[in-house]
Amino acid sequence: MIAVDTNILVYAHREDSPWHKIALARVTMLADSGTPWAIAWSSIHEFLAIVTHPRIYDPPSPLETAIEAIQAWQASPGLRLLGEGPGYFETLARQAIAGKIKGPKIHDARIASICLHHGVKKLWSADRDFTSFPDLSCENPLIS
């Protein structure tokens, strides 16, 4: 199963992104594939925070538009929304220790650990920080 990170979702949503067309095409392909794919709830929250933030985007996405994007992804029958559950913390601890993670990278460790906890084999992300987690394969779908 492939999970999609926040930055790919943002690029797919924001038409002013230089990566919009390819990100939208890749997310749409995944959503329409009929195979299971995933988004961590923490990435959904981060997506909402980023695209509606007036210091990041001028103009920011209206909240209603951002919510509609999430609802469109949720309409994909293969989508699995992933969150923490029993045993998650042990995965987080292993990943943080193995990757020597601290400070703001803990958020990335959280996403990686949620993915691993749910059996995700690959994370689509343009964030190279995910290479710190050797148990999770990370691929940038914008350049592959």
# chains A, B, ... in the order shown; residues from 1 in each chain; ligands from 1
>>> select_by_dssp(residues="chain A", states="strand (DSSP E)", output="PyMOL selection string")
chain A and resi 2-4+37-40+79-82+122-124+137-139
>>> write_last_selection(atoms="N, CA and C atoms", output="PDB file, in the first residue's frame")
ATOM      1  N   ILE A   2       0.478   2.236  -0.753  1.00  0.00           N
ATOM      2  CA  ILE A   2       1.176   3.520  -0.836  1.00  0.00           C
ATOM      3  C   ILE A   2       0.420   4.540   0.012  1.00  0.00           C
ATOM      4  N   ALA A   3       1.167   5.309   0.798  1.00  0.00           N
ATOM      5  CA  ALA A   3       0.591   6.444   1.525  1.00  0.00           C
ATOM      6  C   ALA A   3       1.099   7.726   0.870  1.00  0.00           C
ATOM      7  N   VAL A   4       0.317   8.779   0.976  1.00  0.00           N
ATOM      8  CA  VAL A   4       0.650  10.064   0.364  1.00  0.00           C
ATOM      9  C   VAL A   4       0.892  11.086   1.469  1.00  0.00           C
ATOM     10  N   TRP A  37      -4.820   2.623  -0.868  1.00  0.00           N
ATOM     11  CA  TRP A  37      -3.829   3.667  -0.672  1.00  0.00           C
ATOM     12  C   TRP A  37      -4.202   4.382   0.605  1.00  0.00           C
ATOM     13  N   ALA A  38      -3.306   5.227   1.102  1.00  0.00           N
ATOM     14  CA  ALA A  38      -3.538   5.763   2.439  1.00  0.00           C
ATOM     15  C   ALA A  38      -3.084   7.209   2.587  1.00  0.00           C
ATOM     16  N   ILE A  39      -3.695   7.853   3.559  1.00  0.00           N
ATOM     17  CA  ILE A  39      -3.267   9.170   4.040  1.00  0.00           C
ATOM     18  C   ILE A  39      -3.353   9.105   5.563  1.00  0.00           C
ATOM     19  N   ALA A  40      -2.293   9.540   6.232  1.00  0.00           N
ATOM     20  CA  ALA A  40      -2.337   9.629   7.693  1.00  0.00           C
ATOM     21  C   ALA A  40      -3.189  10.826   8.103  1.00  0.00           C
ATOM     22  N   LEU A  79      -9.164   4.363  -0.438  1.00  0.00           N
ATOM     23  CA  LEU A  79      -8.479   5.185   0.563  1.00  0.00           C
ATOM     24  C   LEU A  79      -8.645   4.621   1.972  1.00  0.00           C
ATOM     25  N   ARG A  80      -7.524   4.561   2.685  1.00  0.00           N
ATOM     26  CA  ARG A  80      -7.506   4.209   4.098  1.00  0.00           C
ATOM     27  C   ARG A  80      -6.934   5.409   4.850  1.00  0.00           C
ATOM     28  N   LEU A  81      -7.665   5.920   5.830  1.00  0.00           N
ATOM     29  CA  LEU A  81      -7.182   7.017   6.666  1.00  0.00           C
ATOM     30  C   LEU A  81      -6.550   6.399   7.906  1.00  0.00           C
ATOM     31  N   LEU A  82      -5.294   6.734   8.134  1.00  0.00           N
ATOM     32  CA  LEU A  82      -4.498   6.061   9.151  1.00  0.00           C
ATOM     33  C   LEU A  82      -4.259   6.936  10.373  1.00  0.00           C
ATOM     34  N   LYS A 122       5.200   1.958   1.083  1.00  0.00           N
ATOM     35  CA  LYS A 122       5.851   3.080   0.406  1.00  0.00           C
ATOM     36  C   LYS A 122       5.119   4.370   0.733  1.00  0.00           C
ATOM     37  N   LEU A 123       5.896   5.428   0.963  1.00  0.00           N
ATOM     38  CA  LEU A 123       5.339   6.764   1.191  1.00  0.00           C
ATOM     39  C   LEU A 123       5.734   7.646   0.026  1.00  0.00           C
ATOM     40  N   TRP A 124       4.753   8.289  -0.585  1.00  0.00           N
ATOM     41  CA  TRP A 124       5.024   9.279  -1.622  1.00  0.00           C
ATOM     42  C   TRP A 124       5.223  10.617  -0.933  1.00  0.00           C
ATOM     43  N   SER A 137       9.983   2.762   2.766  1.00  0.00           N
ATOM     44  CA  SER A 137      10.452   3.175   1.447  1.00  0.00           C
ATOM     45  C   SER A 137       9.777   4.504   1.095  1.00  0.00           C
ATOM     46  N   CYS A 138      10.565   5.470   0.687  1.00  0.00           N
ATOM     47  CA  CYS A 138      10.034   6.778   0.326  1.00  0.00           C
ATOM     48  C   CYS A 138      10.372   7.063  -1.134  1.00  0.00           C
ATOM     49  N   GLU A 139       9.384   7.563  -1.857  1.00  0.00           N
ATOM     50  CA  GLU A 139       9.559   7.859  -3.275  1.00  0.00           C
ATOM     51  C   GLU A 139       8.932   9.214  -3.574  1.00  0.00           C
TER      52      GLU A 139
END
>>> select_by_dssp(residues="chain A", states="alpha helix (DSSP H)", output="number ranges by chain")
A: 6-13, 20-32, 41-51, 63-74, 88-98, 105-117
>>> write_last_selection(atoms="C-alpha atoms", output="JSON list (two decimals), in the first residue's frame")
[["chain", "number", "residue", "atom", "x", "y", "z"],
["A", 6, "THR", "CA", 1.18, 16.27, 3.00],
["A", 7, "ASN", "CA", 3.36, 18.02, 0.42],
["A", 8, "ILE", "CA", 2.06, 15.89, -2.45],
["A", 9, "LEU", "CA", -1.52, 16.61, -1.33],
["A", 10, "VAL", "CA", -0.79, 20.35, -1.15],
["A", 11, "TYR", "CA", 0.74, 20.37, -4.64],
["A", 12, "ALA", "CA", -2.21, 18.39, -6.02],
["A", 13, "HIS", "CA", -4.62, 20.89, -4.48],
["A", 20, "HIS", "CA", 0.32, 20.92, -9.43],
["A", 21, "LYS", "CA", -0.32, 19.10, -12.69],
["A", 22, "ILE", "CA", 1.94, 16.14, -12.00],
["A", 23, "ALA", "CA", 0.92, 15.86, -8.34],
["A", 24, "LEU", "CA", -2.76, 15.98, -9.26],
["A", 25, "ALA", "CA", -2.24, 13.37, -11.97],
["A", 26, "ARG", "CA", -0.38, 11.01, -9.61],
["A", 27, "VAL", "CA", -2.89, 11.35, -6.76],
["A", 28, "THR", "CA", -5.80, 10.94, -9.19],
["A", 29, "MET", "CA", -4.15, 7.85, -10.70],
["A", 30, "LEU", "CA", -3.70, 6.37, -7.25],
["A", 31, "ALA", "CA", -7.26, 7.23, -6.18],
["A", 32, "ASP", "CA", -8.72, 5.76, -9.38],
["A", 41, "TRP", "CA", -4.79, 11.77, 9.64],
["A", 42, "SER", "CA", -1.84, 13.91, 10.73],
["A", 43, "SER", "CA", -1.20, 14.69, 7.05],
["A", 44, "ILE", "CA", -4.86, 15.69, 6.61],
["A", 45, "HIS", "CA", -4.54, 18.11, 9.54],
["A", 46, "GLU", "CA", -1.27, 19.49, 8.22],
["A", 47, "PHE", "CA", -2.77, 19.88, 4.72],
["A", 48, "LEU", "CA", -5.62, 21.98, 6.15],
["A", 49, "ALA", "CA", -3.20, 24.10, 8.17],
["A", 50, "ILE", "CA", -0.92, 24.78, 5.20],
["A", 51, "VAL", "CA", -3.36, 25.49, 2.37],
["A", 63, "LEU", "CA", -11.48, 26.27, 4.26],
["A", 64, "GLU", "CA", -14.53, 24.98, 2.39],
["A", 65, "THR", "CA", -12.44, 24.35, -0.75],
["A", 66, "ALA", "CA", -9.78, 22.50, 1.24],
["A", 67, "ILE", "CA", -12.44, 20.38, 2.93],
["A", 68, "GLU", "CA", -13.95, 19.58, -0.48],
["A", 69, "ALA", "CA", -10.54, 18.32, -1.64],
["A", 70, "ILE", "CA", -10.36, 15.99, 1.36],
["A", 71, "GLN", "CA", -13.91, 14.80, 0.73],
["A", 72, "ALA", "CA", -12.98, 14.04, -2.88],
["A", 73, "TRP", "CA", -10.06, 11.89, -1.70],
["A", 74, "GLN", "CA", -12.35, 10.18, 0.81],
["A", 88, "TYR", "CA", 1.91, 2.72, 17.63],
["A", 89, "PHE", "CA", 4.15, 4.27, 20.27],
["A", 90, "GLU", "CA", 6.56, 1.36, 20.15],
["A", 91, "THR", "CA", 6.90, 1.88, 16.39],
["A", 92, "LEU", "CA", 7.46, 5.61, 16.91],
["A", 93, "ALA", "CA", 10.12, 4.97, 19.54],
["A", 94, "ARG", "CA", 11.96, 2.50, 17.25],
["A", 95, "GLN", "CA", 11.87, 4.87, 14.28],
["A", 96, "ALA", "CA", 12.95, 7.92, 16.28],
["A", 97, "ILE", "CA", 15.84, 6.06, 17.87],
["A", 98, "ALA", "CA", 16.95, 4.38, 14.62],
["A", 105, "LYS", "CA", 11.55, 15.88, 12.67],
["A", 106, "ILE", "CA", 9.43, 14.10, 15.28],
["A", 107, "HIS", "CA", 6.41, 15.05, 13.14],
["A", 108, "ASP", "CA", 7.94, 13.15, 10.21],
["A", 109, "ALA", "CA", 8.66, 10.23, 12.56],
["A", 110, "ARG", "CA", 4.99, 10.30, 13.52],
["A", 111, "ILE", "CA", 3.85, 10.02, 9.90],
["A", 112, "ALA", "CA", 6.43, 7.32, 9.12],
["A", 113, "SER", "CA", 5.45, 5.36, 12.23],
["A", 114, "ILE", "CA", 1.73, 5.59, 11.51],
["A", 115, "CYS", "CA", 2.41, 4.29, 8.00],
["A", 116, "LEU", "CA", 4.59, 1.42, 9.22],
["A", 117, "HIS", "CA", 2.12, 0.59, 11.98]]
>>> atom_distance(atom1="CA of Pro36 in chain A", atom2="CA of Gly78 in chain A")
4.2 Å
>>> atom_distance(atom1="CA of Arg128 in chain A", atom2="CA of Pro141 in chain A")
12.4 Å
>>> closest_residue(among="A:Ile56, A:Pro104, A:Ser17, A:Leu136", to="Gly119 in chain A", atoms="only C-alpha atoms")
A:Leu136
>>> closest_residue(among="A:Thr35, A:His118, A:His53, A:Ala126", to="Gly85 in chain A", atoms="only C-alpha atoms")
A:His118
>>> atom_distance(atom1="CA of Glu15 in chain A", atom2="CA of Phe130 in chain A")
25.2 Å
>>> closest_residue(among="A:Thr52, A:Pro59, A:Thr131, A:Met1", to="Asp16 in chain A", atoms="only C-alpha atoms")
A:Pro59
